[in-house]
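K.L.:
Coordinates in run_4.csv, CSV, C-alpha atoms, are listed below.
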chain,number,residue,atom,x,y,z
A,28,MET,CA,82.8,75.9,110.7
A,29,ARG,CA,84.4,77.5,113.7
A,30,LEU,CA,83.1,81.0,114.6
A,31,GLY,CA,84.4,83.5,117.1
A,32,VAL,CA,81.8,85.9,118.4
A,33,LEU,CA,83.1,88.9,120.3
A,34,ASP,CA,80.6,90.9,122.3
A,35,VAL,CA,81.9,94.3,123.6
A,36,GLY,CA,79.2,95.3,126.0
A,37,SER,CA,78.7,97.7,128.9
A,38,ASN,CA,79.7,95.3,131.5
A,39,THR,CA,82.0,92.7,129.9
A,40,VAL,CA,84.0,91.9,126.8
A,41,HIS,CA,83.0,88.3,126.0
A,42,LEU,CA,84.5,86.0,123.4
A,43,LEU,CA,82.5,82.9,122.5
A,44,VAL,CA,84.1,80.3,120.1
A,45,VAL,CA,81.6,77.8,118.6
A,46,ASP,CA,81.5,75.0,116.1
A,47,ALA,CA,78.5,75.7,113.9
A,48,HIS,CA,76.8,74.9,110.7
A,49,ALA,CA,73.3,75.7,109.2
A,50,GLY,CA,70.5,73.5,110.5
A,51,ALA,CA,72.3,72.6,113.8
A,52,ALA,CA,72.7,74.2,117.2
A,53,PRO,CA,76.1,75.9,117.7
A,54,VAL,CA,78.4,74.0,120.0
A,55,PRO,CA,80.4,76.2,122.4
A,56,MET,CA,84.1,75.4,122.5
A,57,VAL,CA,85.7,78.4,124.3
A,58,SER,CA,84.5,81.2,126.4
A,59,GLU,CA,86.8,84.1,127.4
A,60,LYS,CA,85.5,87.0,129.4
A,61,SER,CA,87.0,90.3,130.7
A,62,VAL,CA,84.9,92.4,133.2
A,63,LEU,CA,84.9,96.0,132.2
A,64,ARG,CA,82.0,97.8,133.9
A,65,LEU,CA,82.5,100.4,131.2
A,66,MET,CA,79.8,102.7,132.7
A,67,ARG,CA,82.2,103.6,135.5
A,68,TYR,CA,84.6,105.1,132.9
A,69,LEU,CA,82.0,107.6,131.6
A,70,THR,CA,82.4,111.3,132.3
A,71,PRO,CA,79.2,113.4,133.1
A,72,ASP,CA,79.1,114.5,129.4
A,73,GLY,CA,79.2,110.9,128.1
A,74,VAL,CA,82.9,110.5,127.2
A,75,ILE,CA,84.8,107.3,127.9
A,76,THR,CA,87.9,108.2,129.7
A,77,GLU,CA,91.4,107.3,128.6
A,78,GLU,CA,91.5,104.7,131.4
A,79,GLY,CA,88.3,103.2,130.0
A,80,ALA,CA,89.6,103.3,126.4
A,81,THR,CA,92.8,101.4,127.5
A,82,ALA,CA,90.7,98.8,129.3
A,83,VAL,CA,88.6,98.2,126.1
A,84,LEU,CA,91.7,98.0,123.9
A,85,ARG,CA,93.4,95.5,126.3
A,86,ALA,CA,90.3,93.3,126.5
A,87,VAL,CA,89.6,93.3,122.8
A,88,GLN,CA,93.3,92.5,122.0
A,89,ASN,CA,93.2,89.6,124.5
A,90,ALA,CA,90.0,88.2,123.0
A,91,ALA,CA,91.4,88.5,119.4
A,92,ASP,CA,94.6,86.6,120.5
A,93,VAL,CA,92.5,83.8,122.0
A,94,ALA,CA,90.3,83.6,118.9
A,95,ARG,CA,93.4,83.3,116.6
A,96,ARG,CA,94.8,80.5,118.8
A,97,HIS,CA,91.6,78.5,118.2
A,98,SER,CA,91.8,78.7,114.4
A,99,ILE,CA,88.5,80.3,113.8
A,100,ASP,CA,87.1,80.5,110.3
A,101,GLU,CA,85.2,83.7,110.8
A,102,PHE,CA,85.3,86.4,113.4
A,103,LEU,CA,82.1,88.3,114.3
A,104,PRO,CA,83.0,91.2,116.6
A,105,PHE,CA,80.3,93.6,117.7
A,106,ALA,CA,79.6,96.4,120.2
A,107,THR,CA,76.4,97.4,122.0
A,108,SER,CA,75.1,100.4,123.9
A,109,ALA,CA,78.1,101.6,125.8
A,110,LEU,CA,80.2,102.3,122.7
A,111,ARG,CA,77.1,103.2,120.6
A,112,GLU,CA,76.1,106.0,122.9
A,113,ALA,CA,79.5,107.3,124.1
A,114,ALA,CA,80.3,110.8,122.9
A,115,ASN,CA,83.7,109.6,121.7
A,116,GLY,CA,82.4,106.1,120.7
A,117,ARG,CA,83.2,106.5,117.0
A,118,GLU,CA,86.8,107.6,117.8
A,119,LEU,CA,87.3,104.7,120.2
A,120,LEU,CA,86.0,102.2,117.5
A,121,ASP,CA,88.5,103.6,115.0
A,122,ARG,CA,91.2,103.3,117.6
A,123,VAL,CA,90.3,99.7,118.3
A,124,LYS,CA,90.4,98.9,114.6
A,125,ARG,CA,93.8,100.7,114.2
A,126,GLU,CA,95.5,99.2,117.3
A,127,THR,CA,94.0,95.7,117.4
A,128,GLY,CA,92.9,95.0,113.9
A,129,VAL,CA,89.4,94.2,115.1
A,130,ASP,CA,86.6,96.1,113.3
A,131,LEU,CA,83.7,96.2,115.8
A,132,GLN,CA,80.3,96.4,114.2
A,133,VAL,CA,78.0,98.6,116.3
A,134,LEU,CA,74.5,97.2,116.8
A,135,SER,CA,71.6,99.5,117.2
A,136,GLY,CA,69.2,98.9,120.1
A,137,GLU,CA,66.6,97.5,117.7
A,138,ASP,CA,69.2,95.2,116.2
A,139,GLU,CA,70.1,93.9,119.7
A,140,ALA,CA,66.4,93.3,120.4
A,141,ARG,CA,65.6,91.6,117.1
A,142,LEU,CA,68.6,89.2,117.3
A,143,THR,CA,68.0,88.3,120.9
A,144,PHE,CA,64.4,87.5,119.9
A,145,LEU,CA,65.6,85.3,117.0
A,146,ALA,CA,67.8,83.3,119.4
A,147,SER,CA,64.9,82.7,121.8
A,148,ARG,CA,62.5,81.8,119.0
A,149,ARG,CA,64.9,79.2,117.7
A,150,TRP,CA,65.5,77.8,121.2
A,151,TYR,CA,61.8,77.4,122.0
A,152,GLY,CA,60.5,76.7,118.5
A,153,TRP,CA,57.2,77.4,116.9
A,154,SER,CA,55.2,75.7,119.7
A,155,ALA,CA,55.9,78.7,121.9
A,156,GLU,CA,53.6,80.7,119.6
A,157,HIS,CA,53.5,84.4,120.6
A,158,ILE,CA,56.6,85.3,122.7
A,159,LEU,CA,57.2,88.3,124.9
A,160,LEU,CA,60.9,88.7,125.7
A,161,PHE,CA,62.8,90.8,128.3
A,162,ASP,CA,66.6,91.1,128.0
A,163,ILE,CA,68.6,93.2,130.4
A,164,GLY,CA,72.1,94.3,129.4
A,165,GLY,CA,74.5,96.7,131.1
A,166,GLY,CA,73.3,99.7,129.2
A,167,SER,CA,69.8,98.9,128.0
A,168,LEU,CA,66.7,96.8,128.4
A,169,GLU,CA,65.3,95.2,125.3
A,170,ILE,CA,61.6,94.2,125.1
A,171,THR,CA,60.3,92.4,122.1
A,172,SER,CA,57.2,90.5,121.1
A,173,GLY,CA,55.9,88.5,118.2
A,174,ALA,CA,54.9,85.2,116.7
A,175,ASN,CA,57.5,84.9,114.0
A,176,GLU,CA,61.3,84.6,113.9
A,177,TYR,CA,61.7,88.3,114.2
A,178,PRO,CA,59.5,90.4,116.5
A,179,ASP,CA,56.5,92.6,115.6
A,180,VAL,CA,57.7,95.2,118.1
A,181,ALA,CA,61.3,95.7,119.3
A,182,LEU,CA,62.2,98.3,121.9
A,183,SER,CA,65.5,99.3,123.5
A,184,LEU,CA,65.1,101.3,126.7
A,185,PRO,CA,67.9,103.1,128.7
A,186,LEU,CA,67.3,100.8,131.7
A,187,GLY,CA,70.3,98.6,131.6
A,188,ALA,CA,71.6,97.2,135.0
A,189,GLY,CA,74.9,99.0,134.8
A,190,ARG,CA,73.5,102.3,133.6
A,191,SER,CA,70.8,102.2,136.3
A,192,THR,CA,73.3,101.4,139.0
A,193,ILE,CA,75.6,104.3,138.1
A,194,SER,CA,72.6,106.7,137.7
A,195,PHE,CA,70.7,105.8,140.9
A,196,LEU,CA,72.4,103.4,143.3
A,197,HIS,CA,75.3,105.6,144.4
A,198,ASN,CA,76.0,103.9,147.8
A,199,ASP,CA,77.0,100.3,148.5
A,200,PRO,CA,74.7,98.9,149.6
A,201,PRO,CA,72.2,101.4,148.2
A,202,LEU,CA,70.1,103.6,150.4
A,203,PRO,CA,66.3,102.9,150.5
A,204,GLU,CA,65.6,106.3,148.8
A,205,GLN,CA,68.0,105.4,146.0
A,206,VAL,CA,66.2,102.1,145.4
A,207,ASP,CA,62.8,103.9,145.5
A,208,ALA,CA,64.0,106.5,143.0
A,209,LEU,CA,65.2,103.8,140.5
A,210,ARG,CA,62.0,101.9,140.9
A,211,ALA,CA,59.9,105.0,140.2
A,212,HIS,CA,62.1,106.0,137.2
A,213,ALA,CA,61.9,102.5,135.7
A,214,ALA,CA,58.1,102.4,136.2
A,215,SER,CA,57.8,105.7,134.4
A,216,VAL,CA,59.8,104.7,131.4
A,217,LEU,CA,58.1,101.4,131.1
A,218,ALA,CA,54.6,102.9,131.4
A,219,GLU,CA,55.3,104.8,128.2
A,220,ALA,CA,56.7,101.7,126.5
A,221,VAL,CA,53.7,99.4,127.2
A,222,GLY,CA,51.6,101.3,124.7
A,223,GLU,CA,53.8,100.2,121.8
A,224,PHE,CA,52.6,96.6,122.5
A,225,ALA,CA,48.9,97.4,122.9
A,226,ALA,CA,47.9,96.2,119.5
A,227,LEU,CA,49.5,92.8,119.9
A,228,PRO,CA,47.8,89.7,121.3
A,229,ALA,CA,48.6,88.4,124.8
A,230,PRO,CA,51.8,86.3,124.7
A,231,HIS,CA,51.6,82.6,125.0
A,232,HIS,CA,55.2,82.4,126.4
A,233,VAL,CA,57.1,85.0,128.4
A,234,VAL,CA,60.9,84.7,128.3
A,235,GLY,CA,63.8,86.4,130.0
A,236,SER,CA,67.4,86.3,128.7
A,237,SER,CA,70.8,87.8,129.6
A,238,LYS,CA,73.3,86.9,132.3
A,239,THR,CA,71.5,89.3,134.8
A,240,ILE,CA,68.2,87.5,134.5
A,241,ARG,CA,69.8,84.1,134.6
A,242,SER,CA,71.6,85.1,137.8
A,243,LEU,CA,68.4,86.4,139.4
A,244,ALA,CA,66.6,83.2,138.4
A,245,ARG,CA,69.3,81.0,139.9
A,246,LEU,CA,69.0,82.9,143.1
A,247,ALA,CA,65.3,83.3,143.4
A,248,GLY,CA,63.7,81.1,140.7
A,249,SER,CA,62.6,77.5,140.5
A,250,THR,CA,63.4,74.5,138.3
A,251,GLN,CA,60.8,72.4,136.5
A,252,ASP,CA,61.1,69.4,134.3
A,253,GLY,CA,61.6,70.3,130.7
A,254,VAL,CA,60.6,68.6,127.5
A,255,GLY,CA,63.5,67.2,125.6
A,256,SER,CA,66.0,69.8,126.7
A,257,GLY,CA,66.5,69.3,130.4
A,258,ASP,CA,65.2,71.5,133.2
A,259,ARG,CA,63.4,74.7,132.7
A,260,ILE,CA,64.4,77.7,134.9
A,261,MET,CA,61.4,79.7,135.9
A,262,LEU,CA,61.2,83.1,137.7
A,263,ARG,CA,58.1,84.5,139.4
A,264,ARG,CA,57.7,88.1,140.1
A,265,SER,CA,56.8,87.3,143.7
A,266,GLN,CA,60.1,85.5,144.1
A,267,LEU,CA,62.0,88.4,142.6
A,268,ASP,CA,60.3,90.9,144.9
A,269,ASP,CA,61.1,88.8,147.9
A,270,TRP,CA,64.8,88.7,147.1
A,271,VAL,CA,65.6,92.2,145.7
A,272,PRO,CA,65.1,94.0,149.0
A,273,ARG,CA,67.4,91.5,150.7
A,274,LEU,CA,70.0,91.9,148.0
A,275,ALA,CA,69.9,95.6,148.4
A,276,LYS,CA,70.9,95.4,152.0
A,277,ILE,CA,74.0,93.3,151.2
A,278,PRO,CA,77.3,94.9,150.1
A,279,ALA,CA,78.4,94.1,146.6
A,280,ASP,CA,81.5,92.2,147.7
A,281,ALA,CA,79.4,89.8,149.8
A,282,ARG,CA,76.8,89.0,147.2
A,283,PRO,CA,78.8,86.4,145.3
A,284,ALA,CA,78.4,84.1,148.3
A,285,LEU,CA,74.7,83.8,147.3
A,286,PRO,CA,73.6,81.2,144.7
A,287,GLY,CA,73.8,82.4,141.1
A,288,ILE,CA,75.4,85.8,141.8
A,289,THR,CA,78.8,86.0,140.0
A,290,ALA,CA,81.5,88.5,140.6
A,291,ASP,CA,81.0,90.2,137.2
A,292,ARG,CA,77.4,91.0,138.0
A,293,THR,CA,77.5,91.6,141.7
A,294,PHE,CA,77.6,95.4,141.5
A,295,GLN,CA,74.6,95.7,139.2
A,296,ILE,CA,72.4,92.8,140.2
A,297,VAL,CA,70.2,94.9,142.5
A,298,ALA,CA,69.4,97.4,139.7
A,299,GLY,CA,68.8,94.5,137.3
A,300,GLY,CA,66.3,93.0,139.7
A,301,ILE,CA,64.5,96.3,140.2
A,302,VAL,CA,64.2,96.9,136.5
A,303,LEU,CA,63.1,93.3,135.8
A,304,SER,CA,60.5,93.5,138.5
A,305,GLU,CA,59.1,96.8,137.1
A,306,ALA,CA,59.1,95.4,133.6
A,307,MET,CA,57.2,92.3,134.6
A,308,ALA,CA,54.7,94.5,136.6
A,309,ALA,CA,54.2,96.9,133.7
A,310,PHE,CA,53.4,94.1,131.3
A,311,GLY,CA,51.3,92.1,133.8
A,312,VAL,CA,53.7,89.2,133.9
A,313,ARG,CA,53.7,86.9,136.9
A,314,GLU,CA,56.2,84.4,135.7
A,315,LEU,CA,58.9,84.0,132.9
A,316,GLU,CA,61.1,81.3,131.7
A,317,VAL,CA,64.9,81.9,131.3
A,318,SER,CA,66.3,81.4,127.8
A,319,PRO,CA,69.8,79.8,127.6
A,320,TRP,CA,70.3,81.7,124.2
A,321,ALA,CA,70.5,85.4,123.8
A,322,LEU,CA,72.3,88.0,121.7
A,323,ARG,CA,75.5,86.1,120.8
A,324,GLU,CA,73.5,83.1,119.7
A,325,GLY,CA,71.4,85.5,117.6
A,326,ILE,CA,74.5,86.8,115.9
A,327,ILE,CA,75.6,83.3,115.0
A,328,LEU,CA,72.2,82.2,113.8
A,329,ARG,CA,71.8,85.3,111.5
A,330,TYR,CA,75.3,84.6,110.1
A,331,LEU,CA,74.5,81.0,109.3
A,332,ASP,CA,71.1,82.0,107.8
A,333,ARG,CA,72.8,84.4,105.4
A,334,LEU,CA,75.3,81.7,104.3
A,335,GLY,CA,72.4,79.6,103.3
Take the structure in the file and write it out as structure tokens.

P.N.:
Amino acid sequence: MRLGVLDVGSNTVHLLVVDAHAGAAPVPMVSEKSVLRLMRYLTPDGVITEEGATAVLRAVQNAADVARRHSIDEFLPFATSALREAANGRELLDRVKRETGVDLQVLSGEDEARLTFLASRRWYGWSAEHILLFDIGGGSLEITSGANEYPDVALSLPLGAGRSTISFLHNDPPLPEQVDALRAHAASVLAEAVGEFAALPAPHHVVGSSKTIRSLARLAGSTQDGVGSGDRIMLRRSQLDDWVPRLAKIPADARPALPGITADRTFQIVAGGIVLSEAMAAFGVRELEVSPWALREGIILRYLDRLG
């Protein structure tokens, strides 16, 4: 079965076409991405501007055209925090459906967290035991923990890399006081969140997912021999805290010259690094492993589970 998964996020509109069936890992066939950085199109009262709406419509139409050319059997289009939280998000969703024919399903923050956890659990298997997972999107930070296929606790916090950049890092490169303000804000939000996990046992395996965390790990992390699935990419908080101050001194247009920093993440990578550092500190995490699977794979796995 060929599936098309369309992820309309805060930073990108990403189509992934996979060949998949129950009981097997999905095999990626096509990946098509448009960089939106939708947070820059938000007015102070949370409305997506007409320019932003046009950008969304164009990107969704392009993705739908690509999906059709690859003869998909099922289309799974969804949207996350940017459209979920925009004051005119419902109107824009209706407009997308009317003008492109794509009916975007809006995931709640908890849905995002639970599905990302499912993907990581399937990737690492039961031997990983109790997992603690961090996932940084453009609009939100998801934190989940549990020993089963779905987490016991799933939180979505307004600490996404794009949102944090727009809210705090107004200069390029950001000023030291802006970096300090974001760090203090993230620490405050996370201090309240930690209590939600207090009743759970200590995790056996700490995982990070999302493109932002993968980028940071490629820049600052290390590679270790894996078991059965190739190399493991690890990221220590000490490595992260060594690199983030250096990244913050480099203009955004120069950051893609560094290993792992892609053009679609260059504007928000500093904020992502700050948020991840504070999240790891709040939960007492010294090191995490980067999961190759995240939300899109979770969507695919849930779909296949329901077919069975």

K.L.:
For A:Asp100, which of A:Arg264, A:Ser215, A:His48, A:His232 is the closest residue, counting only C-alpha atoms?

P.N.:
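Among A:Arg264, A:Ser215, A:His48, A:His232, it is A:His48 that comes nearest to A:Asp100.
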
K.L.:
Please provide as an mmCIF file with C-alpha atoms, keeping the file's coordinate frame all residues within 9 Å of A:Trp270, with the sequence filter that same-chain residues fewer than 2 positions apart are discarded (counting only C-alpha atoms).

P.N.:
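Contents of out.cif, as written:
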data_model
loop_
_atom_site.group_PDB
_atom_site.id
_atom_site.type_symbol
_atom_site.label_atom_id
_atom_site.label_comp_id
_atom_site.auth_asym_id
_atom_site.auth_seq_id
_atom_site.Cartn_x
_atom_site.Cartn_y
_atom_site.Cartn_z
ATOM 1 C CA LEU A 243 68.400 86.400 139.400
ATOM 2 C CA LEU A 246 69.000 82.900 143.100
ATOM 3 C CA ALA A 247 65.300 83.300 143.400
ATOM 4 C CA SER A 265 56.800 87.300 143.700
ATOM 5 C CA GLN A 266 60.100 85.500 144.100
ATOM 6 C CA LEU A 267 62.000 88.400 142.600
ATOM 7 C CA ASP A 268 60.300 90.900 144.900
ATOM 8 C CA PRO A 272 65.100 94.000 149.000
ATOM 9 C CA ARG A 273 67.400 91.500 150.700
ATOM 10 C CA LEU A 274 70.000 91.900 148.000
ATOM 11 C CA ALA A 275 69.900 95.600 148.400
ATOM 12 C CA GLY A 300 66.300 93.000 139.700
#

K.L.:
Excluding stretch 136-153 of chain A and its own-chain neighbours fewer than 3 positions away, which residues fall within 8 Å of it when counting only C-alpha atoms? Please give them as a PyMOL selection string.

P.N.:
chain A and resi 107-108+156+158+160+162+167+169-172+175-178+181-183+234+318-326+328-329

K.L.:
Can you tell me how far atom CA of A:Ala308 sits from atom CA of A:Phe161, in Å to one decimal?

P.N.:
12.2 Å

K.L.:
So how far away is atom CA of A:Pro201 from atom CA of A:Lys276, in Å?

P.N.:
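Here the two named atoms are 7.2 Å from each other.
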
K.L.:
Which is closest to A:Asp291 among A:Ile99, A:Met28, A:Val317, A:Val40, if we use only C-alpha atoms?

P.N.:
A:Val40

K.L.:
Please, which residues are within 12 Å of (75.7, 101.8, 143.2) by the file's coordinates, counting all atoms listed in the file, and could they come as a ChimeraX atom specification?

P.N.:
/A:64,66-67,188-203,205-206,209,275-279,293-299
